[in-house]
$ cat entry-v4.txt   # compact mmCIF, C-alpha atoms
# COMPACT_ATOMS: atom_id res chain seq x y z
CA LEU R 1 74.10 116.85 107.56
CA ALA R 2 74.30 114.37 104.69
CA GLU R 3 72.68 111.00 105.30
CA LYS R 4 75.26 108.42 106.36
CA LYS R 5 75.36 105.24 104.30
CA VAL R 6 75.99 101.87 105.89
CA LEU R 7 76.73 98.55 104.18
CA ILE R 8 76.35 95.33 106.19
CA VAL R 9 78.07 92.35 104.58
CA TYR R 10 76.31 89.44 106.24
CA ALA R 11 77.51 85.83 106.15
CA HIS R 12 75.21 83.42 107.97
CA GLN R 13 72.73 81.05 106.38
CA SER R 14 70.25 80.82 109.27
CA THR R 15 67.63 83.47 110.01
CA GLY R 16 67.37 82.04 113.53
CA SER R 17 71.06 82.59 114.33
CA PHE R 18 72.62 85.02 116.79
CA SER R 19 74.44 86.56 113.79
CA ALA R 20 71.04 87.27 112.21
CA ALA R 21 69.85 88.94 115.44
CA ALA R 22 73.03 91.07 115.58
CA LYS R 23 72.56 92.08 111.92
CA GLU R 24 68.90 92.98 112.50
CA ALA R 25 69.86 95.06 115.56
CA ALA R 26 72.36 97.01 113.45
CA VAL R 27 69.79 97.62 110.69
CA GLU R 28 67.19 98.81 113.20
CA VAL R 29 69.40 101.11 115.26
CA LEU R 30 71.25 102.65 112.33
CA LYS R 31 68.01 103.31 110.42
CA SER R 32 66.63 105.00 113.54
CA LYS R 33 69.75 107.23 113.43
CA ASP R 34 68.70 108.29 109.89
CA CYS R 35 71.33 106.19 108.16
CA SER R 36 70.52 104.42 104.91
CA VAL R 37 71.40 100.75 105.37
CA LYS R 38 72.06 98.15 102.68
CA VAL R 39 72.61 94.47 103.48
CA SER R 40 74.57 92.10 101.25
CA ASP R 41 73.21 88.74 102.47
CA LEU R 42 75.87 86.55 100.89
CA TYR R 43 74.19 83.16 101.34
CA ALA R 44 70.82 84.46 100.12
CA MET R 45 72.63 85.98 97.12
CA LYS R 46 74.43 82.65 96.52
CA PHE R 47 77.55 84.78 96.28
CA LYS R 48 80.36 83.00 94.43
CA ALA R 49 83.30 82.41 96.74
CA THR R 50 86.00 81.47 94.22
CA ALA R 51 88.15 84.06 92.44
CA THR R 52 88.33 82.73 88.87
CA ALA R 53 88.53 83.84 85.23
CA GLU R 54 84.71 83.69 85.15
CA ASP R 55 84.76 86.99 87.07
CA ILE R 56 85.80 88.70 83.83
CA THR R 57 83.55 89.35 80.84
CA GLY R 58 85.26 88.86 77.50
CA GLU R 59 88.81 87.77 76.73
CA VAL R 60 91.54 87.48 79.34
CA LYS R 61 94.99 88.80 78.59
CA ASN R 62 96.89 85.59 79.33
CA SER R 63 94.80 82.42 79.52
CA GLU R 64 97.89 80.17 79.82
CA HIS R 65 99.05 81.85 83.01
CA PHE R 66 95.96 83.49 84.46
CA ARG R 67 96.90 85.95 87.22
CA TYR R 68 93.79 87.12 89.05
CA ALA R 69 95.05 90.48 90.36
CA GLU R 70 96.45 91.67 87.02
CA GLU R 71 93.52 90.38 84.94
CA THR R 72 90.85 91.89 87.23
CA LYS R 73 92.76 95.20 87.29
CA LEU R 74 92.52 95.31 83.50
CA ALA R 75 88.86 94.24 83.57
CA TRP R 76 88.07 96.89 86.22
CA ASP R 77 89.78 99.56 84.09
CA GLU R 78 87.70 98.52 81.09
CA GLY R 79 84.39 97.90 82.92
CA ARG R 80 84.49 94.13 82.28
CA LEU R 81 84.18 92.73 85.81
CA SER R 82 81.19 90.46 86.41
CA ALA R 83 77.93 92.12 87.49
CA ASP R 84 77.96 90.70 91.05
CA ILE R 85 81.42 92.16 91.74
CA THR R 86 80.57 95.52 90.17
CA GLU R 87 77.41 95.77 92.29
CA GLU R 88 79.30 95.08 95.55
CA GLN R 89 82.01 97.59 94.57
CA ARG R 90 79.32 100.21 93.98
CA LYS R 91 77.78 99.61 97.43
CA LEU R 92 81.23 99.75 99.01
CA GLN R 93 82.17 103.02 97.29
CA GLU R 94 78.99 104.67 98.57
CA ALA R 95 79.36 103.50 102.18
CA ASP R 96 80.55 105.61 105.11
CA LEU R 97 80.62 102.51 107.32
CA VAL R 98 80.91 98.80 106.50
CA ILE R 99 79.99 96.15 109.06
CA PHE R 100 81.03 92.55 108.41
CA GLN R 101 78.70 90.26 110.39
CA PHE R 102 79.70 86.59 110.54
CA PRO R 103 80.43 83.55 112.72
CA MET R 104 84.16 82.93 113.14
CA TYR R 105 85.12 79.70 111.34
CA TRP R 106 88.56 78.21 111.99
CA PHE R 107 89.91 81.49 113.45
CA THR R 108 88.83 83.48 110.39
CA VAL R 109 85.84 84.36 108.20
CA PRO R 110 83.56 81.80 106.47
CA ALA R 111 84.60 80.92 102.90
CA ILE R 112 81.76 82.92 101.36
CA LEU R 113 82.99 86.10 103.09
CA LYS R 114 86.62 85.36 102.22
CA GLY R 115 85.39 85.07 98.64
CA TRP R 116 83.77 88.50 98.95
CA PHE R 117 87.13 89.96 100.04
CA ASP R 118 89.03 88.07 97.29
CA ARG R 119 86.64 89.07 94.49
CA VAL R 120 85.36 92.53 95.46
CA LEU R 121 88.61 94.13 96.70
CA THR R 122 90.29 94.05 93.30
CA LEU R 123 93.62 95.62 92.35
CA GLY R 124 93.02 99.17 91.17
CA PHE R 125 89.61 99.43 92.83
CA ALA R 126 90.60 98.69 96.45
CA TYR R 127 94.41 98.98 96.48
CA THR R 128 97.51 99.58 94.39
CA LYS R 129 101.20 99.23 95.21
CA GLU R 130 101.31 102.98 95.91
CA LYS R 131 97.93 103.23 97.64
CA ARG R 132 97.75 100.88 100.58
CA TYR R 133 97.76 100.88 104.38
CA SER R 134 97.62 104.45 105.75
CA ASN R 135 97.77 105.77 102.15
CA GLY R 136 95.05 103.32 101.10
CA ILE R 137 92.26 104.02 98.64
CA PHE R 138 89.43 104.04 101.20
CA LYS R 139 91.30 106.58 103.33
CA VAL R 140 90.15 109.37 100.98
CA ASN R 141 86.49 109.11 102.05
CA LYS R 142 87.39 108.10 105.63
CA THR R 143 85.33 104.94 105.23
CA LYS R 144 85.04 103.05 108.51
CA ALA R 145 84.90 99.26 108.77
CA LEU R 146 84.44 96.79 111.56
CA LEU R 147 84.21 93.07 112.15
CA SER R 148 81.21 91.93 114.18
CA PHE R 149 81.30 88.21 114.86
CA THR R 150 80.43 85.29 117.08
CA THR R 151 82.93 82.78 118.43
CA GLY R 152 82.49 79.13 119.35
CA SER R 153 85.09 79.42 122.13
CA GLN R 154 84.84 81.23 125.44
CA GLU R 155 86.65 84.57 125.85
CA THR R 156 89.22 83.05 128.26
CA MET R 157 90.35 80.62 125.54
CA PHE R 158 91.28 83.58 123.30
CA SER R 159 93.39 85.32 125.95
CA PRO R 160 97.21 85.70 125.95
CA THR R 161 97.35 82.69 128.30
CA GLY R 162 94.48 80.77 126.65
CA ILE R 163 94.76 77.67 124.49
CA ASN R 164 93.55 79.49 121.33
CA GLY R 165 96.05 82.30 121.83
CA ASP R 166 95.59 86.05 121.93
CA MET R 167 92.56 87.28 119.92
CA ASN R 168 94.62 90.36 118.96
CA VAL R 169 96.95 88.05 117.03
CA THR R 170 94.02 86.23 115.39
CA LEU R 171 92.57 89.57 114.25
CA TRP R 172 95.78 90.99 112.76
CA PRO R 173 95.55 89.31 109.30
CA LEU R 174 91.89 90.35 108.88
CA GLN R 175 92.04 93.86 110.30
CA ASN R 176 95.54 94.87 109.21
CA GLY R 177 96.00 92.62 106.17
CA ILE R 178 92.61 93.33 104.55
CA LEU R 179 90.82 96.33 106.06
CA HIS R 180 93.72 98.62 107.00
CA TYR R 181 95.57 97.50 103.83
CA CYS R 182 92.76 99.00 101.74
CA GLY R 183 92.80 102.22 103.76
CA PHE R 184 89.69 101.67 105.89
CA GLN R 185 89.55 103.25 109.32
CA VAL R 186 89.25 100.05 111.34
CA LEU R 187 86.92 100.31 114.33
CA ALA R 188 87.31 97.98 117.31
CA PRO R 189 85.66 94.62 116.60
CA GLN R 190 82.35 93.64 118.16
CA ILE R 191 82.95 90.17 119.53
CA PHE R 192 80.08 88.01 120.79
CA TRP R 193 81.83 85.38 122.86
CA ALA R 194 80.29 81.89 122.55
CA PRO R 195 76.62 82.90 122.34
CA ALA R 196 75.66 79.23 121.73
CA ASP R 197 76.88 78.43 125.27
CA ALA R 198 75.26 81.48 126.89
CA THR R 199 71.93 81.59 128.72
CA PRO R 200 69.04 83.41 127.01
CA GLU R 201 69.69 86.28 129.45
CA GLY R 202 73.36 86.25 128.50
CA ARG R 203 72.53 86.47 124.80
CA SER R 204 70.05 89.30 125.46
CA ALA R 205 72.76 91.17 127.37
CA MET R 206 75.18 90.76 124.43
CA LEU R 207 72.61 92.22 122.02
CA ALA R 208 71.80 95.05 124.44
CA ALA R 209 75.51 95.99 124.61
CA TRP R 210 75.67 95.98 120.78
CA ASN R 211 72.54 98.15 120.61
CA THR R 212 74.17 100.65 122.95
CA ARG R 213 77.40 100.69 120.97
CA LEU R 214 75.55 101.17 117.68
CA GLN R 215 74.16 104.49 118.92
CA GLY R 216 77.60 106.14 118.73
CA LEU R 217 79.35 103.81 116.29
CA LEU R 218 79.87 106.36 113.51
CA ASP R 219 81.69 108.70 115.91
CA GLU R 220 84.16 106.12 117.23
CA LYS R 221 87.89 106.54 116.80
CA PRO R 222 89.72 103.84 114.81
CA LEU R 223 92.36 101.38 116.01
CA PHE R 224 96.02 102.41 115.81
CA TYR R 225 98.31 101.26 112.99
CA ALA R 226 101.82 102.57 112.39
CA PRO R 227 101.53 105.01 109.44
CA MET R 228 103.38 104.44 106.16
CA ASP R 229 105.81 107.30 106.77
CA CYS R 230 107.21 105.36 109.75
CA PHE R 231 108.53 102.79 107.27
CA ASP R 232 111.41 102.95 104.80
CA CYS R 233 109.94 103.23 101.29
CA GLU R 234 112.24 100.56 99.82
CA SER R 235 112.63 97.89 102.51
CA PHE R 236 109.28 98.64 104.24
CA GLN R 237 111.06 98.22 107.57
CA LEU R 238 110.35 100.62 110.42
CA LYS R 239 112.82 103.50 110.17
CA PRO R 240 115.36 103.61 113.04
CA GLU R 241 113.87 106.90 114.31
CA SER R 242 110.39 105.32 114.26
CA VAL R 243 111.64 102.39 116.31
CA GLU R 244 113.16 104.83 118.79
CA LYS R 245 109.94 106.84 119.00
CA CYS R 246 107.37 104.00 118.97
CA VAL R 247 109.08 101.18 120.82
CA LYS R 248 109.05 101.54 124.59
CA GLU R 249 107.76 98.83 126.92
CA PHE R 250 105.64 97.33 124.11
CA GLY R 251 105.96 97.03 120.36
CA PRO R 252 103.91 99.49 118.26
CA THR R 253 101.21 97.00 117.18
CA ALA R 254 100.21 93.34 117.46
CA GLY R 255 101.92 92.55 114.12
CA THR R 256 104.77 95.06 113.94
CA HIS R 257 106.01 94.40 117.46
CA CYS R 258 109.81 94.67 117.03
CA GLY R 259 110.28 91.62 119.24
CA LYS R 260 108.79 93.45 122.23
CA PRO R 261 105.72 92.36 124.22
CA LEU R 262 102.52 92.98 122.24
CA PRO R 263 100.61 96.12 123.16
CA PRO R 264 97.56 94.85 125.11
CA ASN R 265 94.30 94.92 123.12
CA ASN R 266 95.91 96.72 120.16
CA GLN R 267 93.45 95.03 117.77
CA MET R 268 90.48 95.12 120.12
CA LYS R 269 90.33 98.62 121.60
CA ALA R 270 90.92 102.07 120.14
CA GLY R 271 93.35 104.42 121.85
CA VAL R 272 95.66 101.77 123.32
$ encode --input "entry-v4.txt" --output "structure tokens"
Amino acid sequence: LAEKKVLIVYAHQSTGSFSAAAKEAAVEVLKSKDCSVKVSDLYAMKFKATATAEDITGEVKNSEHFRYAEETKLAWDEGRLSADITEEQRKLQEADLVIFQFPMYWFTVPAILKGWFDRVLTLGFAYTKEKRYSNGIFKVNKTKALLSFTTGSQETMFSPTGINGDMNVTLWPLQNGILHYCGFQVLAPQIFWAPADATPEGRSAMLAAWNTRLQGLLDEKPLFYAPMDCFDCESFQLKPESVEKCVKEFGPTAGTHCGKPLPPNNQMKAGV
């Protein structure tokens, strides 16, 4: 069997953090499973978070009205993207599995990781109008991706009756709007609920559960998203026959719910 390649995109500045411990656990376990593991330590790399014209070497097509997607598509075609973006794209293309390890900031990823998504997942390289969602570019190699993150809030606060709202809703823009959009097979997230508030034993138990999961991570089934052929190719609305087939007691997914109750844990567990 060919060696599996793993990329960990890591966004925490402290080596003493729980995120660091979770990242180290992933490196250790996956290497013991004969995977080759690369880590993009974004803070250590001083990775630039802003998507600007400086990401392109040479002239831009329209400096008066600079449009990032169009300009980086052209630069990608011509091999003129900046070296830091090109390097991350190379790591990403080689990977069978990508783990994003981060602390959740303001219900989303830290700015440095958002900058990685904005700058690395360029038009042409990571998506096109024709190649997105279930027809996405990373579908070809069946590249798997998952979010592994810590929260500041307790799990109960992120429940359907909690003050923060349903975590499945919070995850939809990240998992559907970025990962699934680019064609990744999205694995269930690994959520470490409020480790800062946990006892040392509680934190050890969280890491032990992650260690156990890592053993079979590459064989996991992805989360469910309604495939592109369920949607009309002009309006991108669910086709009437798809609605009939998919919509029963619950809507199909946490985002495309057709006004029905959200399917429980649609963004948190595979096979539901």
$ atom_distance --input "entry-v4.txt" --atom1 "atom CA of Met268 of chain R" --atom2 "atom CA of Ala208 of chain R"
19.2 Å
$ closest_residue --input "entry-v4.txt" --among "R:Lys144, R:Gly124, R:Gln101, R:Asp96" --to "Leu74 of chain R" --atoms "all atoms listed in the file"
R:Gly124
$ closest_residue --input "entry-v4.txt" --among "R:Gly165, R:Pro195, R:Pro189, R:Pro103" --to "Asn266 of chain R" --atoms "all atoms listed in the file"
R:Pro189
$ atom_distance --input "entry-v4.txt" --atom1 "atom CA of Lys245 of chain R" --atom2 "atom CA of Lys269 of chain R"
21.4 Å
$ atom_distance --input "entry-v4.txt" --atom1 "atom CA of Leu207 of chain R" --atom2 "atom CA of Leu146 of chain R"
16.4 Å
$ residues_around --input "entry-v4.txt" --residues "Glu78 of chain R" --least-positions-apart "4" --cutoff "12 Å" --atoms "all atoms listed in the file" --output "JSON, numbers by chain"
{"R": [56, 57, 58, 59, 60, 71, 72, 73, 74, 82, 86, 124, 125]}
$ closest_residue --input "entry-v4.txt" --among "R:Ala53, R:Ala254, R:Lys260, R:Ile85" --to "Pro173 of chain R" --atoms "all atoms listed in the file"
R:Ala254
$ closest_residue --input "entry-v4.txt" --among "R:Tyr133, R:Asp166, R:Ala205, R:Arg90" --to "Leu179 of chain R" --atoms "all atoms listed in the file"
R:Tyr133
$ closest_residue --input "entry-v4.txt" --among "R:Ala198, R:Cys182, R:Ala111, R:Leu214" --to "Ala26 of chain R" --atoms "only C-alpha atoms"
R:Leu214
$ residues_near_point --input "entry-v4.txt" --point "(107.0, 98.5, 125.6)" --cutoff "8 Å" --atoms "only C-alpha atoms" --output "ChimeraX atom specification"
/R:247-251,260-263
$ closest_residue --input "entry-v4.txt" --among "R:Val140, R:Lys31, R:Ser235, R:Ala270" --to "Val6 of chain R" --atoms "all atoms listed in the file"
R:Lys31
$ residues_around --input "entry-v4.txt" --residues "Asp232 of chain R" --least-positions-apart "5" --cutoff "12 Å" --atoms "all atoms listed in the file" --output "list in words"
Pro227, Gln237, Leu238, Lys239, Pro240, Glu241, Ser242 and Val243 of chain R
$ write_last_selection --input "entry-v4.txt" --atoms "C-alpha atoms" --output "PDB file, keeping the file's coordinate frame"
ATOM      1  CA  PRO R 227     101.530 105.010 109.440  1.00  0.00           C
ATOM      2  CA  GLN R 237     111.060  98.220 107.570  1.00  0.00           C
ATOM      3  CA  LEU R 238     110.350 100.620 110.420  1.00  0.00           C
ATOM      4  CA  LYS R 239     112.820 103.500 110.170  1.00  0.00           C
ATOM      5  CA  PRO R 240     115.360 103.610 113.040  1.00  0.00           C
ATOM      6  CA  GLU R 241     113.870 106.900 114.310  1.00  0.00           C
ATOM      7  CA  SER R 242     110.390 105.320 114.260  1.00  0.00           C
ATOM      8  CA  VAL R 243     111.640 102.390 116.310  1.00  0.00           C
TER       9      VAL R 243
END
$ build_atoms --input "entry-v4.txt" --residues "segment 195-221 of chain R" --atoms "N, CA, C and O atoms" --output "tab-separated table (two decimals), in the coordinates of the input"
chain	number	residue	atom	x	y	z
R	195	PRO	N	78.04	82.73	122.03
R	195	PRO	CA	76.62	82.90	122.34
R	195	PRO	C	75.86	81.57	122.43
R	195	PRO	O	74.89	81.45	123.17
R	196	ALA	N	76.34	80.55	121.69
R	196	ALA	CA	75.66	79.23	121.73
R	196	ALA	C	75.71	78.62	123.13
R	196	ALA	O	74.84	77.83	123.50
R	197	ASP	N	76.74	78.97	123.90
R	197	ASP	CA	76.88	78.43	125.27
R	197	ASP	C	76.25	79.34	126.33
R	197	ASP	O	76.20	78.98	127.50
R	198	ALA	N	75.80	80.52	125.92
R	198	ALA	CA	75.26	81.48	126.89
R	198	ALA	C	73.81	81.18	127.22
R	198	ALA	O	73.11	80.50	126.46
R	199	THR	N	73.35	81.69	128.36
R	199	THR	CA	71.93	81.59	128.72
R	199	THR	C	71.15	82.58	127.85
R	199	THR	O	71.73	83.51	127.28
R	200	PRO	N	69.83	82.41	127.74
R	200	PRO	CA	69.04	83.41	127.01
R	200	PRO	C	69.27	84.83	127.53
R	200	PRO	O	69.35	85.78	126.75
R	201	GLU	N	69.42	84.96	128.85
R	201	GLU	CA	69.69	86.28	129.45
R	201	GLU	C	71.05	86.80	129.01
R	201	GLU	O	71.22	87.99	128.73
R	202	GLY	N	72.01	85.87	128.94
R	202	GLY	CA	73.36	86.25	128.50
R	202	GLY	C	73.36	86.74	127.07
R	202	GLY	O	74.01	87.74	126.73
R	203	ARG	N	72.61	86.04	126.21
R	203	ARG	CA	72.53	86.47	124.80
R	203	ARG	C	71.81	87.82	124.68
R	203	ARG	O	72.22	88.68	123.88
R	204	SER	N	70.77	88.00	125.47
R	204	SER	CA	70.05	89.30	125.46
R	204	SER	C	70.98	90.43	125.88
R	204	SER	O	70.94	91.53	125.32
R	205	ALA	N	71.82	90.15	126.89
R	205	ALA	CA	72.76	91.17	127.37
R	205	ALA	C	73.79	91.52	126.29
R	205	ALA	O	74.16	92.68	126.12
R	206	MET	N	74.23	90.51	125.54
R	206	MET	CA	75.18	90.76	124.43
R	206	MET	C	74.55	91.68	123.38
R	206	MET	O	75.19	92.62	122.90
R	207	LEU	N	73.30	91.39	123.02
R	207	LEU	CA	72.61	92.22	122.02
R	207	LEU	C	72.35	93.62	122.54
R	207	LEU	O	72.45	94.60	121.79
R	208	ALA	N	72.04	93.72	123.84
R	208	ALA	CA	71.80	95.05	124.44
R	208	ALA	C	73.08	95.90	124.40
R	208	ALA	O	73.03	97.10	124.09
R	209	ALA	N	74.23	95.26	124.65
R	209	ALA	CA	75.51	95.99	124.61
R	209	ALA	C	75.80	96.46	123.18
R	209	ALA	O	76.30	97.57	122.96
R	210	TRP	N	75.48	95.64	122.20
R	210	TRP	CA	75.67	95.98	120.78
R	210	TRP	C	74.75	97.14	120.40
R	210	TRP	O	75.16	98.08	119.75
R	211	ASN	N	73.50	97.06	120.85
R	211	ASN	CA	72.54	98.15	120.61
R	211	ASN	C	73.07	99.48	121.14
R	211	ASN	O	72.99	100.50	120.47
R	212	THR	N	73.61	99.44	122.34
R	212	THR	CA	74.17	100.65	122.95
R	212	THR	C	75.34	101.17	122.14
R	212	THR	O	75.45	102.37	121.87
R	213	ARG	N	76.22	100.27	121.75
R	213	ARG	CA	77.40	100.69	120.97
R	213	ARG	C	77.00	101.29	119.62
R	213	ARG	O	77.60	102.27	119.16
R	214	LEU	N	76.00	100.71	119.00
R	214	LEU	CA	75.55	101.17	117.68
R	214	LEU	C	75.12	102.63	117.69
R	214	LEU	O	75.26	103.33	116.69
R	215	GLN	N	74.63	103.10	118.82
R	215	GLN	CA	74.16	104.49	118.92
R	215	GLN	C	75.27	105.49	118.56
R	215	GLN	O	75.01	106.50	117.92
R	216	GLY	N	76.50	105.20	118.98
R	216	GLY	CA	77.60	106.14	118.73
R	216	GLY	C	78.67	105.61	117.80
R	216	GLY	O	79.77	106.17	117.71
R	217	LEU	N	78.34	104.52	117.09
R	217	LEU	CA	79.35	103.81	116.29
R	217	LEU	C	80.05	104.69	115.27
R	217	LEU	O	81.27	104.64	115.11
R	218	LEU	N	79.29	105.53	114.58
R	218	LEU	CA	79.87	106.36	113.51
R	218	LEU	C	80.83	107.43	114.04
R	218	LEU	O	81.59	108.00	113.27
R	219	ASP	N	80.79	107.68	115.33
R	219	ASP	CA	81.69	108.70	115.91
R	219	ASP	C	82.92	108.09	116.58
R	219	ASP	O	83.75	108.81	117.12
R	220	GLU	N	83.03	106.76	116.56
R	220	GLU	CA	84.16	106.12	117.23
R	220	GLU	C	85.48	106.39	116.53
R	220	GLU	O	85.54	106.57	115.32
R	221	LYS	N	86.53	106.39	117.33
R	221	LYS	CA	87.89	106.54	116.80
R	221	LYS	C	88.42	105.17	116.36
R	221	LYS	O	88.12	104.16	116.99
